[in-house]
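For reference, the structure is listed below as structure tokens.
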Amino acid sequence: MQATELHRQICAAITRRSLVMFEYGDLIRVVEPHRFGVNSAGHPMLSGWLRAGYSRSDPAGGWRNYLLDEISAFQLLDAPFAGTRPGYAAHDSRMREVFCELTPTAVDVAAEGPFIVREPMGPVSSEPTPRDADAREPAAREPSARNERPPSDA
């Protein structure tokens with residue numbers, strides 16, 4: 001594959017948030033590409049999150065940089081990834097030129113939890129339901145503070 005085609009495919013993967021697979025150091029790598037550009041030494045480089053299970057030295061995966069000259073058998077996979085990984089910085093000083101990079105979205109921004117998600121109980125209606133009427137009934141039977149007295153037990 002020619003360099004310009006490889007550059008185009010890497011940027012397409014980053015834009016679409018698609019996994020890529022390639023050979024690097026005699027191993028198959030599956031990577032979530034985050035940034036592609038030229039490193040401080042002047043070499044084209046891909047920075048991304050190595051998926052778990054694709055490294056002998058670190059089976060859990062994590063952040064890796066790959067020199068394009070050492071990538072072979074590159075494939076753009078039809079498999080999306082969710083977004084930026086922890087530790088991703090919008091700007092990286094190790095790259096003097098960036099061709100394309102993942103931009104964090106509001107969904108990617110970490111927030112404090114835990115969160116409780118409640119599913120809707122059913123279709124929303126403006127008409128009172130029997131449950132709504134039951135909830136109002138005790139209040140309707142209570143005397144108002146001004147005009148009524150509670151019934152006596154005599």
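Naming scheme: A, B, ... for chains in displayed order of the structure tokens; residues 1 onward per chain; ligands 1 onward as shown.
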
**Report entry** For Leu102 (chain A): contacts at 8 Å, only C-alpha atoms, fewer than 2 positions along chain excluded, given as an MDAnalysis selection string
**Finding:** chainID A and resid 14:15 17 33:35 83:84 90 100 104

Report task. Give me the residues within 9 Å of Arg85 (chain A) as a ChimeraX atom specification, counting only C-alpha atoms and dropping any in the same chain fewer than 6 places off. Result -> /A:32,34,49,62-63,108

Selection file, C-alpha atoms, as a tab-separated table (two decimals), in the first residue's frame:
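Output file selection09.tsv follows:
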```tsv
chain	number	residue	atom	x	y	z
A	32	GLU	CA	-8.15	2.23	18.36
A	34	HIS	CA	-6.50	8.42	18.17
A	49	TRP	CA	-4.95	2.41	22.20
A	62	GLY	CA	-2.88	0.50	26.48
A	63	TRP	CA	-1.34	3.52	24.78
A	108	ASP	CA	-16.25	10.95	26.13
```

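With only C-alpha atoms as the atoms that count, the residue of A:Ala3, A:Leu77, A:Pro86, A:Arg16 with the shortest distance to Met45 (chain A) is A:Ala3.
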
Report task. For each of A:Asp78, A:Asp58, A:Leu27, A:Tyr66, take the minimum atom-to-atom distance to Leu46 (chain A), counting only C-alpha atoms, then give the residue where this is smallest. Result -> A:Tyr66

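Excluding Cys11 (chain A) itself and any same-chain residue fewer than 2 positions from it, the protein and nucleic acid residues within 8 Å of it, counting only C-alpha atoms, are His7, Arg8, Gln9, Ala13, Ile14, Thr15, Phe36, Phe99, Cys100 and Glu101 of chain A.
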
Requested in this report: Just the residues within 8 Å of Val31 (chain A), please, counting only C-alpha atoms, with nothing from its chain fewer than 2 positions along; format it as a PyMOL selection string.
Outcome: chain A and resi 19-21+29+33+48-51

Expected file contents, prior selection, C-alpha atoms, as a CSV table (one decimal), in the first residue's frame:
```
chain,number,residue,atom,x,y,z
A,19,LEU,CA,-10.6,-0.1,14.7
A,20,VAL,CA,-7.5,-0.8,12.6
A,21,MET,CA,-5.5,-4.0,12.3
A,29,ARG,CA,-2.1,-5.4,16.4
A,33,PRO,CA,-6.4,5.1,16.4
A,48,GLY,CA,-3.6,4.8,19.6
A,49,TRP,CA,-4.9,2.4,22.2
A,50,LEU,CA,-3.8,-1.2,21.7
A,51,ARG,CA,-6.7,-3.5,22.4
```

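Straight-line separation from CA of Ile71 (chain A) to CA of Glu23 (chain A): 5.8 Å.
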
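Take CA of Ser72 (chain A) and CA of Gly37 (chain A): the distance between them is 17.4 Å.
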